[in-house]
Amino acid sequence: MDKVSDVEQLKSIAKDVRRDIISMIYAAGSGHPGGSLSATDFLTVLFFDYMHHDPKNPKDENRDRFILSKGHCTPVYYSLLARTGYFSVDELSTFRKLGSRLQGHPDKSKFDLMETTSGSLGQGLSISAGTAFGLRLDKNNAKVYCVLGDGELDEGQVWESLETIKKYKLDNLIILIDNNKIQLDGTVIDIKELKNFDHEFIDIGYTVFKTDGHDYEEIIKAYEDALNASNNGENVIIIFQTIKGKGISFMENTSEWHGKAPNKEEYEKAMKELE
């Protein structure tokens, strides 16, 4: 699809995405706002600026592949799919409703355009590695973008996948980490003392770019640097430092809004902040 290069336009799209997220979860009475809001900015730039995909031809063999390993954050994913033209924005109102395609976790059986069903944390990176390996065997130059939550790094399978990706030099896979520092039961550091993981990635042999996940100039630079490194044969990870619940003051930096729907008063307050 056509690239959106104007930062102010990207910010405007991201605000619409945040409105979608809040509206979807409020209407459903359930969902995960915190991690969807934290990932909104860097995923808006990815979908509108850097990922090669065509809503009119979703199964194009040369498309870049996108895998949402932190599958509970479907509100941001569905909104971006709608906003880029894969289906009507009106369909977002069916989120988590009986019979809807837009369930709480991505379901490949309901969408041809999805690469995989996801939601069991830790598995997405393994699937991404297999996808990247398959593209290499097919001599297909498409990229694979995999989004992980930082709490998801608690899973041992993630680290096994990282070793496999490095061993087979799968430089067509770019790993995106939403480093919002909070997971379901509290802070990432308190739960498993997972800190300085960027150094652990570097020790394994990855090229790591660490950037502000809400600063658009920095996000764009990170994607540019990552793609250059990937094209030069390096295994790449971008750590986006983000704020859980970004954009809604009372949802920011708290685990309370990891998986909770706003009531009517909270919904109205959130939407007013996004005006």
# chains A, B, ... in the order shown; residues from 1 in each chain; ligands from 1
>>> closest_atom_pairs(of="region 35-71 of chain A", to="region 204-224 of chain A", cutoff="8 Å", atoms="only C-alpha atoms", output="JSON lines")
{"residue": "A:Ala39", "atom": "CA", "partner": "A:Gly213", "partner_atom": "CA", "distance": 7.6}
{"residue": "A:Asp41", "atom": "CA", "partner": "A:His214", "partner_atom": "CA", "distance": 5.7}
{"residue": "A:Phe42", "atom": "CA", "partner": "A:Gly213", "partner_atom": "CA", "distance": 5.8}
{"residue": "A:Val45", "atom": "CA", "partner": "A:Ile220", "partner_atom": "CA", "distance": 7.3}
{"residue": "A:Tyr50", "atom": "CA", "partner": "A:Tyr223", "partner_atom": "CA", "distance": 7.5}
>>> write_last_selection(atoms="N, CA and C atoms", output="short mmCIF file (atom, residue, chain, number, x, y, z; two decimals), in the first residue's frame")
data_model
loop_
_atom_site.label_atom_id
_atom_site.label_comp_id
_atom_site.auth_asym_id
_atom_site.auth_seq_id
_atom_site.Cartn_x
_atom_site.Cartn_y
_atom_site.Cartn_z
N ALA A 39 1.29 -0.21 22.16
CA ALA A 39 1.85 -0.60 20.86
C ALA A 39 1.32 0.23 19.69
N ASP A 41 1.51 3.38 18.55
CA ASP A 41 2.32 4.29 17.74
C ASP A 41 3.29 3.55 16.82
N PHE A 42 4.06 2.62 17.36
CA PHE A 42 5.05 1.95 16.50
C PHE A 42 4.40 1.00 15.51
N VAL A 45 3.05 3.15 12.50
CA VAL A 45 4.14 3.45 11.57
C VAL A 45 4.48 2.21 10.74
N TYR A 50 6.07 0.99 6.65
CA TYR A 50 7.20 0.10 6.40
C TYR A 50 6.84 -1.32 5.97
#
>>> select_by_dssp(residues="region 44-265 of chain A", states="alpha helix (DSSP H)", output="tab-separated table (two decimals) with C-alpha atoms, in the first residue's frame")
chain	number	residue	atom	x	y	z
A	44	THR	CA	0.79	2.49	13.11
A	45	VAL	CA	4.14	3.45	11.57
A	74	THR	CA	-6.07	-7.71	19.08
A	75	PRO	CA	-7.81	-4.33	19.47
A	76	VAL	CA	-4.81	-2.49	18.00
A	77	TYR	CA	-4.34	-5.20	15.36
A	78	TYR	CA	-7.97	-5.19	14.21
A	79	SER	CA	-8.09	-1.40	14.14
A	80	LEU	CA	-4.99	-1.23	11.94
A	81	LEU	CA	-6.37	-3.89	9.61
A	82	ALA	CA	-9.57	-1.87	9.24
A	83	ARG	CA	-7.80	1.47	8.92
A	124	GLY	CA	4.66	-16.47	18.13
A	125	LEU	CA	8.40	-16.15	17.76
A	126	SER	CA	8.77	-19.87	16.97
A	127	ILE	CA	6.07	-19.53	14.31
A	128	SER	CA	7.84	-16.45	12.95
A	129	ALA	CA	11.13	-18.34	12.76
A	130	GLY	CA	9.48	-21.14	10.78
A	131	THR	CA	7.82	-18.60	8.50
A	132	ALA	CA	11.14	-16.84	7.89
A	133	PHE	CA	12.85	-20.16	7.16
A	134	GLY	CA	10.12	-21.08	4.68
A	135	LEU	CA	10.46	-17.75	2.87
A	136	ARG	CA	14.19	-18.33	2.56
A	137	LEU	CA	13.64	-21.80	1.08
A	156	GLY	CA	11.52	-20.06	27.89
A	157	GLN	CA	10.36	-20.83	24.36
A	158	VAL	CA	11.17	-17.24	23.38
A	159	TRP	CA	14.84	-17.73	24.25
A	160	GLU	CA	14.98	-21.10	22.47
A	161	SER	CA	13.57	-19.38	19.38
A	162	LEU	CA	16.11	-16.58	19.63
A	163	GLU	CA	18.93	-19.14	19.60
A	164	THR	CA	17.39	-20.92	16.60
A	165	ILE	CA	16.93	-17.67	14.66
A	166	LYS	CA	20.55	-16.76	15.29
A	167	LYS	CA	21.87	-20.24	14.44
A	188	VAL	CA	8.13	-7.16	34.61
A	189	ILE	CA	11.08	-6.56	36.94
A	190	ASP	CA	9.14	-7.60	40.05
A	191	ILE	CA	7.78	-10.80	38.52
A	192	LYS	CA	10.98	-12.29	37.10
A	197	PHE	CA	17.53	-7.90	28.38
A	198	ASP	CA	18.94	-5.76	25.57
A	199	HIS	CA	22.40	-6.81	26.76
A	200	GLU	CA	21.30	-10.45	26.81
A	201	PHE	CA	20.16	-10.12	23.19
A	202	ILE	CA	23.49	-8.56	22.24
A	203	ASP	CA	25.36	-11.36	24.00
A	204	ILE	CA	23.49	-13.92	21.87
A	216	TYR	CA	7.56	9.20	15.68
A	217	GLU	CA	10.90	10.47	14.44
A	218	GLU	CA	12.65	7.91	16.65
A	219	ILE	CA	10.31	5.12	15.56
A	220	ILE	CA	10.96	5.88	11.90
A	221	LYS	CA	14.72	5.98	12.48
A	222	ALA	CA	14.57	2.63	14.30
A	223	TYR	CA	12.76	0.99	11.38
A	224	GLU	CA	15.22	2.48	8.89
A	225	ASP	CA	18.22	1.29	10.91
A	226	ALA	CA	16.68	-2.13	11.48
A	227	LEU	CA	15.92	-2.68	7.81
A	228	ASN	CA	19.43	-1.61	6.82
A	229	ALA	CA	20.93	-4.02	9.33
A	230	SER	CA	18.59	-6.81	8.26
A	231	ASN	CA	19.47	-6.28	4.62
A	264	LYS	CA	-19.55	4.26	30.92
A	265	GLU	CA	-17.96	7.06	32.94
>>> closest_residue(among="A:Ile22, A:Gln103, A:Gly71, A:Leu121", to="Glu273 (chain A)", atoms="only C-alpha atoms")
A:Ile22
>>> atom_distance(atom1="CA of Ile174 (chain A)", atom2="CA of Leu194 (chain A)")
21.3 Å
>>> closest_residue(among="A:Gly119, A:Arg65, A:Ser255, A:Ala261", to="Leu173 (chain A)", atoms="only C-alpha atoms")
A:Arg65
>>> atom_distance(atom1="CA of His258 (chain A)", atom2="CA of Gly34 (chain A)")
4.7 Å
>>> atom_distance(atom1="CA of Met271 (chain A)", atom2="CA of Arg18 (chain A)")
9.0 Å
>>> closest_residue(among="A:Ser12, A:Ser23, A:Gln183, A:Thr117", to="Lys269 (chain A)", atoms="only C-alpha atoms")
A:Ser23
>>> select_by_dssp(residues="region 7-91 of chain A", states="strand (DSSP E or B)", output="list in words")
Arg65, Phe66, Ile67 and Leu68 of chain A
>>> closest_residue(among="A:Ile25, A:Leu148, A:Leu43, A:Ile239", to="Glu266 (chain A)", atoms="only C-alpha atoms")
A:Ile25
>>> closest_residue(among="A:Asn232, A:Gln123, A:Asn62, A:Asn140", to="Asp171 (chain A)", atoms="only C-alpha atoms")
A:Asn232
>>> closest_residue(among="A:Met51, A:Ala28, A:Val236, A:Met114", to="Leu98 (chain A)", atoms="only C-alpha atoms")
A:Ala28
>>> decode(residues="region 42-69 of chain A", atoms="C-alpha atoms", output="PDB file, in the first residue's frame")
ATOM      1  CA  PHE A  42       5.051   1.954  16.505  1.00  0.00           C
ATOM      2  CA  LEU A  43       2.537  -0.396  14.876  1.00  0.00           C
ATOM      3  CA  THR A  44       0.785   2.488  13.106  1.00  0.00           C
ATOM      4  CA  VAL A  45       4.138   3.446  11.568  1.00  0.00           C
ATOM      5  CA  LEU A  46       4.801  -0.187  10.629  1.00  0.00           C
ATOM      6  CA  PHE A  47       1.424  -0.776   8.947  1.00  0.00           C
ATOM      7  CA  PHE A  48       1.271   2.546   7.141  1.00  0.00           C
ATOM      8  CA  ASP A  49       4.949   3.148   6.369  1.00  0.00           C
ATOM      9  CA  TYR A  50       7.197   0.097   6.397  1.00  0.00           C
ATOM     10  CA  MET A  51       5.389  -3.210   6.045  1.00  0.00           C
ATOM     11  CA  HIS A  52       4.853  -4.288   2.436  1.00  0.00           C
ATOM     12  CA  HIS A  53       1.224  -5.431   2.161  1.00  0.00           C
ATOM     13  CA  ASP A  54      -1.792  -4.908  -0.054  1.00  0.00           C
ATOM     14  CA  PRO A  55      -5.355  -4.941   1.360  1.00  0.00           C
ATOM     15  CA  LYS A  56      -6.629  -5.653  -2.166  1.00  0.00           C
ATOM     16  CA  ASN A  57      -4.432  -8.744  -2.393  1.00  0.00           C
ATOM     17  CA  PRO A  58      -3.955 -10.030   1.166  1.00  0.00           C
ATOM     18  CA  LYS A  59      -2.416 -13.356   0.071  1.00  0.00           C
ATOM     19  CA  ASP A  60       0.211 -11.790  -2.198  1.00  0.00           C
ATOM     20  CA  GLU A  61       3.177 -14.167  -1.997  1.00  0.00           C
ATOM     21  CA  ASN A  62       5.552 -11.218  -1.782  1.00  0.00           C
ATOM     22  CA  ARG A  63       3.792  -9.565   1.169  1.00  0.00           C
ATOM     23  CA  ASP A  64       5.631  -9.021   4.418  1.00  0.00           C
ATOM     24  CA  ARG A  65       4.322 -11.284   7.162  1.00  0.00           C
ATOM     25  CA  PHE A  66       3.025  -9.918  10.481  1.00  0.00           C
ATOM     26  CA  ILE A  67       2.668 -12.092  13.576  1.00  0.00           C
ATOM     27  CA  LEU A  68       1.182 -10.732  16.799  1.00  0.00           C
ATOM     28  CA  SER A  69       2.763 -13.024  19.362  1.00  0.00           C
TER      29      SER A  69
END
